[in-house]
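Below: coords.pdb (PDB, C-alpha atoms)
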MODEL        1
ATOM      1  CA  MET A 686     -25.088 -75.778-115.343
ATOM      2  CA  LEU A 687     -23.160 -74.816-112.213
ATOM      3  CA  ALA A 688     -22.623 -78.363-110.998
ATOM      4  CA  ASP A 689     -18.866 -77.870-110.571
ATOM      5  CA  ILE A 690     -19.272 -74.898-108.204
ATOM      6  CA  ASP A 691     -18.736 -75.355-104.470
ATOM      7  CA  THR A 692     -17.948 -71.754-103.449
ATOM      8  CA  TRP A 693     -20.411 -68.897-103.916
ATOM      9  CA  VAL A 694     -19.097 -65.317-103.759
ATOM     10  CA  LEU A 695     -21.772 -62.676-103.281
ATOM     11  CA  ASP A 696     -21.602 -58.923-103.564
ATOM     12  CA  LEU A 697     -23.832 -57.014-101.149
ATOM     13  CA  ASP A 698     -25.410 -53.750-102.304
ATOM     14  CA  ASN A 699     -27.761 -53.950-105.302
ATOM     15  CA  THR A 700     -26.979 -57.671-105.595
ATOM     16  CA  LEU A 701     -28.622 -59.248-102.546
ATOM     17  CA  TYR A 702     -31.439 -56.713-102.819
ATOM     18  CA  PRO A 703     -32.749 -54.736-105.824
ATOM     19  CA  ALA A 704     -31.484 -51.233-106.518
ATOM     20  CA  GLU A 705     -35.068 -49.969-106.379
ATOM     21  CA  VAL A 706     -34.939 -50.302-102.580
ATOM     22  CA  GLY A 707     -32.954 -47.065-102.569
ATOM     23  CA  LEU A 708     -30.327 -47.947 -99.969
ATOM     24  CA  ALA A 709     -27.512 -47.101-102.387
ATOM     25  CA  ASP A 710     -29.174 -43.738-102.999
ATOM     26  CA  GLN A 711     -29.021 -43.063 -99.257
ATOM     27  CA  MET A 712     -25.341 -43.980 -99.242
ATOM     28  CA  ASN A 713     -24.566 -41.627-102.100
ATOM     29  CA  VAL A 714     -26.359 -38.771-100.342
ATOM     30  CA  ARG A 715     -24.243 -39.367 -97.202
ATOM     31  CA  ILE A 716     -21.047 -39.591 -99.247
ATOM     32  CA  ARG A 717     -21.764 -36.314-101.022
ATOM     33  CA  ALA A 718     -22.552 -34.654 -97.697
ATOM     34  CA  TYR A 719     -19.169 -35.856 -96.401
ATOM     35  CA  LEU A 720     -17.428 -34.460 -99.490
ATOM     36  CA  ALA A 721     -19.270 -31.142 -99.289
ATOM     37  CA  ASN A 722     -18.183 -30.750 -95.664
ATOM     38  CA  LEU A 723     -14.603 -31.858 -96.345
ATOM     39  CA  PHE A 724     -14.096 -29.558 -99.324
ATOM     40  CA  GLY A 725     -16.385 -26.736 -98.169
ATOM     41  CA  THR A 726     -18.516 -26.910-101.284
ATOM     42  CA  ASP A 727     -22.110 -27.507-102.405
ATOM     43  CA  GLU A 728     -23.871 -30.719-103.453
ATOM     44  CA  THR A 729     -23.340 -30.133-107.172
ATOM     45  CA  GLU A 730     -19.598 -29.869-106.757
ATOM     46  CA  ALA A 731     -19.642 -32.815-104.333
ATOM     47  CA  LEU A 732     -21.348 -34.901-107.028
ATOM     48  CA  ARG A 733     -18.604 -33.975-109.492
ATOM     49  CA  LEU A 734     -15.890 -34.784-106.972
ATOM     50  CA  GLN A 735     -17.461 -38.149-106.191
ATOM     51  CA  ALA A 736     -17.581 -39.124-109.861
ATOM     52  CA  GLU A 737     -13.977 -38.001-110.341
ATOM     53  CA  LEU A 738     -12.692 -39.924-107.312
ATOM     54  CA  VAL A 739     -14.516 -43.115-108.295
ATOM     55  CA  ALA A 740     -13.281 -42.891-111.899
ATOM     56  CA  GLU A 741      -9.656 -42.374-110.879
ATOM     57  CA  HIS A 742      -9.404 -44.501-107.724
ATOM     58  CA  GLY A 743     -12.207 -47.072-107.795
ATOM     59  CA  THR A 744     -14.092 -45.744-104.768
ATOM     60  CA  THR A 745     -14.561 -42.403-103.066
ATOM     61  CA  LEU A 746     -12.822 -43.701 -99.955
ATOM     62  CA  ARG A 747      -9.705 -44.851-101.798
ATOM     63  CA  GLY A 748      -9.591 -41.559-103.664
ATOM     64  CA  LEU A 749      -9.769 -39.520-100.472
ATOM     65  CA  MET A 750      -7.123 -41.649 -98.812
ATOM     66  CA  ASN A 751      -4.816 -41.205-101.798
ATOM     67  CA  THR A 752      -5.394 -37.477-102.177
ATOM     68  CA  ARG A 753      -6.316 -36.206 -98.712
ATOM     69  CA  SER A 754      -5.013 -38.861 -96.257
ATOM     70  CA  ILE A 755      -8.359 -38.983 -94.457
ATOM     71  CA  ASP A 756      -9.166 -41.300 -91.546
ATOM     72  CA  PRO A 757     -11.089 -44.178 -93.157
ATOM     73  CA  HIS A 758     -13.000 -44.892 -89.932
ATOM     74  CA  ASP A 759     -14.204 -41.301 -89.851
ATOM     75  CA  TYR A 760     -15.349 -41.635 -93.455
ATOM     76  CA  LEU A 761     -17.149 -44.945 -92.865
ATOM     77  CA  ALA A 762     -19.048 -43.487 -89.905
ATOM     78  CA  TRP A 763     -21.722 -42.254 -92.324
ATOM     79  CA  GLU A 764     -22.851 -45.880 -92.661
ATOM     80  CA  HIS A 765     -24.227 -45.631 -89.128
ATOM     81  CA  THR A 766     -26.710 -42.968 -90.245
ATOM     82  CA  ILE A 767     -28.395 -45.031 -92.982
ATOM     83  CA  ASP A 768     -32.039 -46.045 -92.547
ATOM     84  CA  TYR A 769     -31.788 -49.818 -92.974
ATOM     85  CA  ALA A 770     -35.519 -50.143 -92.316
ATOM     86  CA  VAL A 771     -36.074 -49.863 -96.089
ATOM     87  CA  LEU A 772     -34.910 -53.491 -96.314
ATOM     88  CA  ARG A 773     -37.303 -56.376 -95.668
ATOM     89  CA  PRO A 774     -36.660 -60.080 -95.057
ATOM     90  CA  ASP A 775     -36.263 -62.104 -98.243
ATOM     91  CA  PRO A 776     -37.228 -65.684 -97.335
ATOM     92  CA  VAL A 777     -37.035 -66.813-100.971
ATOM     93  CA  LEU A 778     -33.401 -65.728-101.299
ATOM     94  CA  ALA A 779     -32.611 -67.150 -97.858
ATOM     95  CA  GLN A 780     -33.880 -70.586 -98.871
ATOM     96  CA  VAL A 781     -32.068 -70.484-102.196
ATOM     97  CA  LEU A 782     -28.791 -69.618-100.477
ATOM     98  CA  ARG A 783     -29.239 -72.305 -97.829
ATOM     99  CA  ASP A 784     -29.757 -74.878-100.576
ATOM    100  CA  LEU A 785     -26.488 -74.060-102.332
ATOM    101  CA  PRO A 786     -23.831 -76.781-102.055
ATOM    102  CA  GLY A 787     -20.590 -75.701-100.426
ATOM    103  CA  ARG A 788     -19.566 -72.377 -98.893
ATOM    104  CA  ARG A 789     -21.123 -68.925 -99.291
ATOM    105  CA  TYR A 790     -19.068 -65.765 -98.809
ATOM    106  CA  LEU A 791     -19.883 -62.070 -98.892
ATOM    107  CA  TYR A 792     -17.304 -59.874-100.663
ATOM    108  CA  THR A 793     -18.098 -56.179-100.305
ATOM    109  CA  ASN A 794     -16.511 -52.752-100.629
ATOM    110  CA  GLY A 795     -18.553 -51.727 -97.596
ATOM    111  CA  SER A 796     -17.697 -52.310 -93.958
ATOM    112  CA  ALA A 797     -18.464 -55.349 -91.831
ATOM    113  CA  TYR A 798     -20.905 -53.155 -89.884
ATOM    114  CA  HIS A 799     -22.795 -52.331 -93.072
ATOM    115  CA  ALA A 800     -22.821 -55.991 -94.107
ATOM    116  CA  GLU A 801     -24.128 -57.033 -90.694
ATOM    117  CA  GLN A 802     -26.995 -54.544 -90.882
ATOM    118  CA  VAL A 803     -28.015 -55.524 -94.415
ATOM    119  CA  LEU A 804     -27.781 -59.270 -93.841
ATOM    120  CA  GLY A 805     -29.761 -58.970 -90.637
ATOM    121  CA  ARG A 806     -32.563 -56.981 -92.270
ATOM    122  CA  LEU A 807     -32.760 -59.410 -95.200
ATOM    123  CA  GLY A 808     -32.767 -62.431 -92.905
ATOM    124  CA  LEU A 809     -29.583 -63.802 -94.491
ATOM    125  CA  THR A 810     -27.099 -63.745 -91.613
ATOM    126  CA  GLU A 811     -27.149 -67.516 -91.135
ATOM    127  CA  CYS A 812     -26.784 -68.087 -94.887
ATOM    128  CA  ILE A 813     -23.269 -66.623 -95.092
ATOM    129  CA  ASP A 814     -20.128 -68.499 -94.004
ATOM    130  CA  GLY A 815     -17.818 -65.480 -94.001
ATOM    131  CA  VAL A 816     -17.622 -61.759 -94.762
ATOM    132  CA  PHE A 817     -14.709 -60.004 -96.458
ATOM    133  CA  ASP A 818     -15.116 -56.239 -96.138
ATOM    134  CA  ILE A 819     -13.123 -53.176 -97.158
ATOM    135  CA  LEU A 820     -11.115 -53.206 -93.924
ATOM    136  CA  ALA A 821     -10.169 -56.870 -94.384
ATOM    137  CA  ALA A 822      -8.920 -55.831 -97.827
ATOM    138  CA  ASP A 823      -6.633 -53.199 -96.249
ATOM    139  CA  LEU A 824      -8.940 -50.569 -97.767
ATOM    140  CA  ILE A 825      -8.194 -51.705-101.332
ATOM    141  CA  PRO A 826     -11.572 -52.103-103.062
ATOM    142  CA  LYS A 827     -12.898 -54.216-105.864
ATOM    143  CA  PRO A 828     -12.026 -54.326-108.737
ATOM    144  CA  TYR A 829      -8.330 -54.071-107.852
ATOM    145  CA  ASP A 830      -6.375 -57.330-108.143
ATOM    146  CA  GLU A 831      -4.847 -56.886-104.688
ATOM    147  CA  SER A 832      -8.308 -56.944-103.143
ATOM    148  CA  LEU A 833      -9.381 -60.058-105.038
ATOM    149  CA  ASP A 834      -6.163 -61.905-104.256
ATOM    150  CA  ALA A 835      -6.512 -61.096-100.560
ATOM    151  CA  PHE A 836     -10.103 -62.312-100.581
ATOM    152  CA  LEU A 837      -9.258 -65.601-102.293
ATOM    153  CA  ALA A 838      -6.314 -66.218 -99.957
ATOM    154  CA  SER A 839      -8.320 -65.335 -96.862
ATOM    155  CA  PHE A 840     -10.771 -68.185 -97.411
ATOM    156  CA  GLY A 841      -8.563 -70.543 -99.418
ATOM    157  CA  ILE A 842     -10.797 -70.371-102.476
ATOM    158  CA  ASP A 843     -10.093 -72.279-105.677
ATOM    159  CA  PRO A 844     -11.277 -69.819-108.369
ATOM    160  CA  VAL A 845     -12.133 -72.584-110.846
ATOM    161  CA  ARG A 846     -14.706 -73.994-108.417
ATOM    162  CA  ALA A 847     -16.159 -70.610-107.466
ATOM    163  CA  ALA A 848     -18.927 -68.394-108.834
ATOM    164  CA  MET A 849     -19.058 -64.658-108.171
ATOM    165  CA  PHE A 850     -22.166 -62.463-108.344
ATOM    166  CA  ASP A 851     -21.944 -58.667-108.598
ATOM    167  CA  ASP A 852     -24.085 -55.827-109.941
ATOM    168  CA  LEU A 853     -21.023 -54.051-111.382
ATOM    169  CA  GLU A 854     -19.566 -55.721-114.454
ATOM    170  CA  VAL A 855     -16.133 -54.175-113.850
ATOM    171  CA  ASN A 856     -15.860 -56.121-110.583
ATOM    172  CA  LEU A 857     -16.190 -59.414-112.475
ATOM    173  CA  THR A 858     -13.327 -58.992-114.942
ATOM    174  CA  GLY A 859     -10.559 -60.078-112.559
ATOM    175  CA  PRO A 860     -12.500 -63.063-111.189
ATOM    176  CA  HIS A 861     -13.292 -64.271-114.728
ATOM    177  CA  GLU A 862      -9.621 -64.008-115.714
ATOM    178  CA  ARG A 863      -8.755 -66.247-112.763
ATOM    179  CA  GLY A 864     -11.191 -68.908-113.921
ATOM    180  CA  MET A 865     -14.221 -68.063-111.811
ATOM    181  CA  THR A 866     -17.736 -68.346-113.144
ATOM    182  CA  THR A 867     -19.191 -64.824-113.038
ATOM    183  CA  VAL A 868     -22.775 -63.611-112.950
ATOM    184  CA  TRP A 869     -23.532 -59.952-113.610
ATOM    185  CA  VAL A 870     -26.702 -59.205-111.654
ATOM    186  CA  THR A 871     -28.470 -56.495-113.603
ATOM    187  CA  GLY A 872     -31.714 -55.773-115.403
ATOM    188  CA  GLY A 873     -32.956 -57.308-118.622
ATOM    189  CA  THR A 874     -33.927 -60.858-119.476
ATOM    190  CA  PRO A 875     -34.211 -63.426-116.651
ATOM    191  CA  TYR A 876     -30.744 -64.728-117.502
ATOM    192  CA  GLU A 877     -28.450 -65.283-120.468
ATOM    193  CA  GLN A 878     -25.026 -66.766-121.057
ATOM    194  CA  LEU A 879     -22.605 -64.145-122.376
ATOM    195  CA  ALA A 880     -19.617 -66.459-122.891
ATOM    196  CA  ALA A 881     -18.051 -69.516-121.307
ATOM    197  CA  ARG A 882     -18.504 -69.229-117.528
ATOM    198  CA  ARG A 883     -19.982 -65.732-117.905
ATOM    199  CA  TRP A 884     -23.641 -64.972-117.242
ATOM    200  CA  ARG A 885     -25.983 -62.050-116.931
ATOM    201  CA  ALA A 886     -29.070 -62.342-114.704
ATOM    202  CA  ALA A 887     -31.978 -60.074-113.856
ATOM    203  CA  ASP A 888     -31.953 -61.127-110.207
ATOM    204  CA  LEU A 889     -30.049 -63.499-107.974
ATOM    205  CA  PRO A 890     -32.797 -65.849-106.644
ATOM    206  CA  SER A 891     -34.310 -66.561-110.063
ATOM    207  CA  PHE A 892     -30.932 -67.345-111.600
ATOM    208  CA  LEU A 893     -29.893 -69.693-108.802
ATOM    209  CA  ARG A 894     -33.199 -71.541-108.764
ATOM    210  CA  ALA A 895     -32.949 -72.119-112.514
ATOM    211  CA  ASN A 896     -29.291 -73.094-112.726
ATOM    212  CA  VAL A 897     -28.219 -74.884-109.551
TER     213      VAL A 897
ENDMDL
END
Kindly transcribe the structure held in the file into structure tokens.
Amino acid sequence: MLADIDTWVLDLDNTLYPAEVGLADQMNVRIRAYLANLFGTDETEALRLQAELVAEHGTTLRGLMNTRSIDPHDYLAWEHTIDYAVLRPDPVLAQVLRDLPGRRYLYTNGSAYHAEQVLGRLGLTECIDGVFDILAADLIPKPYDESLDAFLASFGIDPVRAAMFDDLEVNLTGPHERGMTTVWVTGGTPYEQLAARRWRAADLPSFLRANV
């Protein structure tokens, strides 16, 4: 069903590994601690601020840059305090990715450092042909069109021959409009087709094994 695809675009967090691992929870705790320190407030107010910044600007980082002119490298330093040991090698996913025809790219709102740590822990480093992180995107995150356009141009990707996988449906709207096949990696049934070139899948390995 994906015979025309020769470029595979993969999100990182909660896509290459299940949300139940809890790594995203760690990240949110660090982000709220950063906000609490920056604004001199408590965790409850930091949670509210985080939700507000994400809703208005796409990510906490973009919101803080737009409203507080923070140093993005200072903000991203919290990634170095995450316990990546919660991740384990995933040989099944590694084999599935290696078997894919064509090129495989990682497209993440995190940093290259974060991507390197996650890929290494999952045993997927050699399965990825290139990484496009938030710094490569000039700090413009998914789902903004500028970020997507920069990603596609960076690797010379033909959207019509590409498939993108992400756990956030909002990040797949722009790619679908450009002709990409999109797969929303979320819970539910093993996989289902939502519309032409649009899929929903419970997990990445199972979907790829069944459809490639």
Counting only C-alpha atoms, the residue of A:Gly864, A:Phe724, A:Thr692, A:Trp763 that sits nearest Val845 of chain A: A:Gly864
Contacts of Asn713 of chain A within 12 Å, only C-alpha atoms, excl. fewer than 2 positions in-chain, as JSON, numbers by chain: {"A": [707, 708, 709, 710, 711, 715, 716, 717, 718, 719, 720, 728, 731, 732, 735, 736, 739, 744, 745, 763, 764, 767]}
Based on the selection just made, write C-alpha atoms of those residues as a PDB file, in the frame of the given file.
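Listed below is the output, selection15.pdb:
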ATOM      1  CA  GLY A 707     -32.954 -47.065-102.569  1.00  0.00           C
ATOM      2  CA  LEU A 708     -30.327 -47.947 -99.969  1.00  0.00           C
ATOM      3  CA  ALA A 709     -27.512 -47.101-102.387  1.00  0.00           C
ATOM      4  CA  ASP A 710     -29.174 -43.738-102.999  1.00  0.00           C
ATOM      5  CA  GLN A 711     -29.021 -43.063 -99.257  1.00  0.00           C
ATOM      6  CA  ARG A 715     -24.243 -39.367 -97.202  1.00  0.00           C
ATOM      7  CA  ILE A 716     -21.047 -39.591 -99.247  1.00  0.00           C
ATOM      8  CA  ARG A 717     -21.764 -36.314-101.022  1.00  0.00           C
ATOM      9  CA  ALA A 718     -22.552 -34.654 -97.697  1.00  0.00           C
ATOM     10  CA  TYR A 719     -19.169 -35.856 -96.401  1.00  0.00           C
ATOM     11  CA  LEU A 720     -17.428 -34.460 -99.490  1.00  0.00           C
ATOM     12  CA  GLU A 728     -23.871 -30.719-103.453  1.00  0.00           C
ATOM     13  CA  ALA A 731     -19.642 -32.815-104.333  1.00  0.00           C
ATOM     14  CA  LEU A 732     -21.348 -34.901-107.028  1.00  0.00           C
ATOM     15  CA  GLN A 735     -17.461 -38.149-106.191  1.00  0.00           C
ATOM     16  CA  ALA A 736     -17.581 -39.124-109.861  1.00  0.00           C
ATOM     17  CA  VAL A 739     -14.516 -43.115-108.295  1.00  0.00           C
ATOM     18  CA  THR A 744     -14.092 -45.744-104.768  1.00  0.00           C
ATOM     19  CA  THR A 745     -14.561 -42.403-103.066  1.00  0.00           C
ATOM     20  CA  TRP A 763     -21.722 -42.254 -92.324  1.00  0.00           C
ATOM     21  CA  GLU A 764     -22.851 -45.880 -92.661  1.00  0.00           C
ATOM     22  CA  ILE A 767     -28.395 -45.031 -92.982  1.00  0.00           C
TER      23      ILE A 767
END
Distance of atom CA of Asp698 of chain A from atom CA of Glu801 of chain A, expressed in Å to one decimal place: 12.1 Å
Ground truth for the PyMOL selection byres ((chain A and resi 784-789) around 6), written as a PyMOL selection string: chain A and resi 691-693+781-783+790+813-814
Counting all atoms listed in the file, the option among A:Val771, A:Ala848, A:Leu893, A:Ile755 closest to Tyr792 of chain A: A:Ala848
Residues in the PyMOL selection byres ((chain A and resi 873) around 10), expressed as a list in words: Val870, Thr871, Gly872, Thr874, Pro875, Tyr876, Glu877, Arg885, Ala886, Ala887 and Asp888 of chain A
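Counting all atoms listed in the file, Ala688 of chain A has the following residues at most 10 Å away, ignoring those fewer than 6 positions along the same chain: Pro786, Arg846, Asn896 and Val897 of chain A.
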Val816 of chain A surroundings by all atoms listed in the file, 12 Å radius, close-in-sequence under 4 positions cut, as a VMD selection string: chain A and resid 693 to 697 788 to 801 804 810 to 812 820 to 822 836 to 837 839 to 840
Output check: residues returned by the PyMOL selection byres ((chain A and resi 852-856) around 9), as JSON, numbers by chain: {"A": [696, 697, 698, 699, 700, 827, 828, 829, 850, 851, 857, 858, 859, 860, 868, 869, 870, 871]}
Residue nearest Ala721 of chain A among A:Leu879, A:Gly815, A:Leu734, A:Leu701 (counting only C-alpha atoms): A:Leu734
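You can rank A:Val714, A:Val777, A:Leu749, A:Ile690 by their closest distance to Leu824 of chain A using only C-alpha atoms, and at the top of that list sits A:Leu749.
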Å distance separating atom CA of Asp756 of chain A from atom CA of Arg806 of chain A, one decimal place: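 For atom CA of Asp756 of chain A relative to atom CA of Arg806 of chain A, the distance reads 28.2 Å.
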Distance in Å - atom CA of Glu862 of chain A versus atom CA of Ser832 of chain A: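 It comes out at 14.5 Å.
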A:Leu809, A:Val803, A:Ile819, A:Ala704 ranked by distance to Asp775 of chain A, top pick (using all atoms listed in the file):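 Of A:Leu809, A:Val803, A:Ile819, A:Ala704, the one nearest Asp775 of chain A is A:Leu809, counting all atoms listed in the file.
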Box in all listed atoms of segment 861-875 of chain A, axis-aligned, with 6 Å more on each side; write out centre and edge lengths in Å to one decimal as AutoDock Vina command-line options.
--center_x -21.5 --center_y -62.3 --center_z -115.6 --size_x 37.5 --size_y 25.1 --size_z 19.8
Of the listed residues A:Val706, A:Gln802, A:Phe892, A:Asp818, that which approaches Ala835 of chain A most closely, counting only C-alpha atoms: A:Asp818
Repair of segment 835-846 of chain A at the level of all heavy atoms, as a PDB file, in the frame of the given file:
ATOM      1  N   ALA A 835      -6.408 -61.001-102.017  1.00  0.00           N
ATOM      2  CA  ALA A 835      -6.512 -61.096-100.560  1.00  0.00           C
ATOM      3  C   ALA A 835      -7.773 -61.851-100.164  1.00  0.00           C
ATOM      4  O   ALA A 835      -7.752 -62.655 -99.216  1.00  0.00           O
ATOM      5  CB  ALA A 835      -6.514 -59.704 -99.952  1.00  0.00           C
ATOM      6  N   PHE A 836      -8.858 -61.599-100.863  1.00  0.00           N
ATOM      7  CA  PHE A 836     -10.103 -62.312-100.581  1.00  0.00           C
ATOM      8  C   PHE A 836      -9.959 -63.809-100.817  1.00  0.00           C
ATOM      9  O   PHE A 836     -10.318 -64.635 -99.965  1.00  0.00           O
ATOM     10  CB  PHE A 836     -11.238 -61.753-101.441  1.00  0.00           C
ATOM     11  CG  PHE A 836     -12.455 -62.631-101.483  1.00  0.00           C
ATOM     12  CD1 PHE A 836     -13.283 -62.742-100.372  1.00  0.00           C
ATOM     13  CD2 PHE A 836     -12.757 -63.371-102.624  1.00  0.00           C
ATOM     14  CE1 PHE A 836     -14.395 -63.569-100.392  1.00  0.00           C
ATOM     15  CE2 PHE A 836     -13.868 -64.199-102.650  1.00  0.00           C
ATOM     16  CZ  PHE A 836     -14.687 -64.296-101.534  1.00  0.00           C
ATOM     17  N   LEU A 837      -9.414 -64.182-101.973  1.00  0.00           N
ATOM     18  CA  LEU A 837      -9.258 -65.601-102.293  1.00  0.00           C
ATOM     19  C   LEU A 837      -8.346 -66.299-101.293  1.00  0.00           C
ATOM     20  O   LEU A 837      -8.626 -67.425-100.852  1.00  0.00           O
ATOM     21  CB  LEU A 837      -8.691 -65.747-103.713  1.00  0.00           C
ATOM     22  CG  LEU A 837      -9.591 -65.263-104.854  1.00  0.00           C
ATOM     23  CD1 LEU A 837      -8.835 -65.322-106.183  1.00  0.00           C
ATOM     24  CD2 LEU A 837     -10.871 -66.074-104.939  1.00  0.00           C
ATOM     25  N   ALA A 838      -7.256 -65.624-100.913  1.00  0.00           N
ATOM     26  CA  ALA A 838      -6.314 -66.218 -99.957  1.00  0.00           C
ATOM     27  C   ALA A 838      -6.929 -66.338 -98.579  1.00  0.00           C
ATOM     28  O   ALA A 838      -6.675 -67.305 -97.857  1.00  0.00           O
ATOM     29  CB  ALA A 838      -5.036 -65.389 -99.913  1.00  0.00           C
ATOM     30  N   SER A 839      -7.737 -65.354 -98.206  1.00  0.00           N
ATOM     31  CA  SER A 839      -8.320 -65.335 -96.862  1.00  0.00           C
ATOM     32  C   SER A 839      -9.152 -66.578 -96.587  1.00  0.00           C
ATOM     33  O   SER A 839      -9.118 -67.130 -95.486  1.00  0.00           O
ATOM     34  CB  SER A 839      -9.183 -64.084 -96.690  1.00  0.00           C
ATOM     35  OG  SER A 839      -9.808 -64.068 -95.422  1.00  0.00           O
ATOM     36  N   PHE A 840      -9.892 -67.041 -97.609  1.00  0.00           N
ATOM     37  CA  PHE A 840     -10.771 -68.185 -97.411  1.00  0.00           C
ATOM     38  C   PHE A 840     -10.296 -69.440 -98.149  1.00  0.00           C
ATOM     39  O   PHE A 840     -11.006 -70.445 -98.179  1.00  0.00           O
ATOM     40  CB  PHE A 840     -12.194 -67.839 -97.865  1.00  0.00           C
ATOM     41  CG  PHE A 840     -12.838 -66.765 -97.033  1.00  0.00           C
ATOM     42  CD1 PHE A 840     -13.140 -65.527 -97.583  1.00  0.00           C
ATOM     43  CD2 PHE A 840     -13.138 -66.971 -95.691  1.00  0.00           C
ATOM     44  CE1 PHE A 840     -13.737 -64.534 -96.820  1.00  0.00           C
ATOM     45  CE2 PHE A 840     -13.731 -65.988 -94.917  1.00  0.00           C
ATOM     46  CZ  PHE A 840     -14.037 -64.760 -95.484  1.00  0.00           C
ATOM     47  N   GLY A 841      -9.109 -69.382 -98.731  1.00  0.00           N
ATOM     48  CA  GLY A 841      -8.563 -70.543 -99.418  1.00  0.00           C
ATOM     49  C   GLY A 841      -9.433 -71.004-100.569  1.00  0.00           C
ATOM     50  O   GLY A 841      -9.705 -72.204-100.723  1.00  0.00           O
ATOM     51  N   ILE A 842      -9.848 -70.073-101.407  1.00  0.00           N
ATOM     52  CA  ILE A 842     -10.797 -70.371-102.476  1.00  0.00           C
ATOM     53  C   ILE A 842     -10.078 -70.778-103.757  1.00  0.00           C
ATOM     54  O   ILE A 842      -9.127 -70.125-104.191  1.00  0.00           O
ATOM     55  CB  ILE A 842     -11.684 -69.138-102.749  1.00  0.00           C
ATOM     56  CG1 ILE A 842     -12.573 -68.855-101.524  1.00  0.00           C
ATOM     57  CG2 ILE A 842     -12.535 -69.327-103.992  1.00  0.00           C
ATOM     58  CD1 ILE A 842     -13.344 -67.565-101.614  1.00  0.00           C
ATOM     59  N   ASP A 843     -10.551 -71.868-104.358  1.00  0.00           N
ATOM     60  CA  ASP A 843     -10.093 -72.279-105.677  1.00  0.00           C
ATOM     61  C   ASP A 843     -10.978 -71.573-106.700  1.00  0.00           C
ATOM     62  O   ASP A 843     -12.172 -71.878-106.804  1.00  0.00           O
ATOM     63  CB  ASP A 843     -10.235 -73.794-105.827  1.00  0.00           C
ATOM     64  CG  ASP A 843      -9.854 -74.296-107.225  1.00  0.00           C
ATOM     65  OD1 ASP A 843      -9.445 -73.468-108.063  1.00  0.00           O
ATOM     66  OD2 ASP A 843      -9.983 -75.514-107.456  1.00  0.00           O
ATOM     67  N   PRO A 844     -10.438 -70.605-107.456  1.00  0.00           N
ATOM     68  CA  PRO A 844     -11.277 -69.819-108.369  1.00  0.00           C
ATOM     69  C   PRO A 844     -12.065 -70.662-109.370  1.00  0.00           C
ATOM     70  O   PRO A 844     -13.190 -70.332-109.723  1.00  0.00           O
ATOM     71  CB  PRO A 844     -10.278 -68.904-109.076  1.00  0.00           C
ATOM     72  CG  PRO A 844      -9.115 -68.832-108.164  1.00  0.00           C
ATOM     73  CD  PRO A 844      -9.037 -70.169-107.488  1.00  0.00           C
ATOM     74  N   VAL A 845     -11.484 -71.766-109.821  1.00  0.00           N
ATOM     75  CA  VAL A 845     -12.133 -72.584-110.846  1.00  0.00           C
ATOM     76  C   VAL A 845     -13.421 -73.220-110.321  1.00  0.00           C
ATOM     77  O   VAL A 845     -14.315 -73.533-111.101  1.00  0.00           O
ATOM     78  CB  VAL A 845     -11.151 -73.660-111.367  1.00  0.00           C
ATOM     79  CG1 VAL A 845     -11.823 -74.580-112.374  1.00  0.00           C
ATOM     80  CG2 VAL A 845      -9.939 -72.992-112.007  1.00  0.00           C
ATOM     81  N   ARG A 846     -13.519 -73.381-109.010  1.00  0.00           N
ATOM     82  CA  ARG A 846     -14.706 -73.994-108.417  1.00  0.00           C
ATOM     83  C   ARG A 846     -15.596 -72.958-107.723  1.00  0.00           C
ATOM     84  O   ARG A 846     -16.433 -73.285-106.892  1.00  0.00           O
ATOM     85  CB  ARG A 846     -14.309 -75.086-107.427  1.00  0.00           C
ATOM     86  CG  ARG A 846     -13.571 -76.249-108.096  1.00  0.00           C
ATOM     87  CD  ARG A 846     -13.333 -77.398-107.127  1.00  0.00           C
ATOM     88  NE  ARG A 846     -14.585 -77.934-106.614  1.00  0.00           N
ATOM     89  CZ  ARG A 846     -15.367 -78.806-107.267  1.00  0.00           C
ATOM     90  NH1 ARG A 846     -15.002 -79.224-108.481  1.00  0.00           N
ATOM     91  NH2 ARG A 846     -16.466 -79.265-106.729  1.00  0.00           N
TER      92      ARG A 846
END
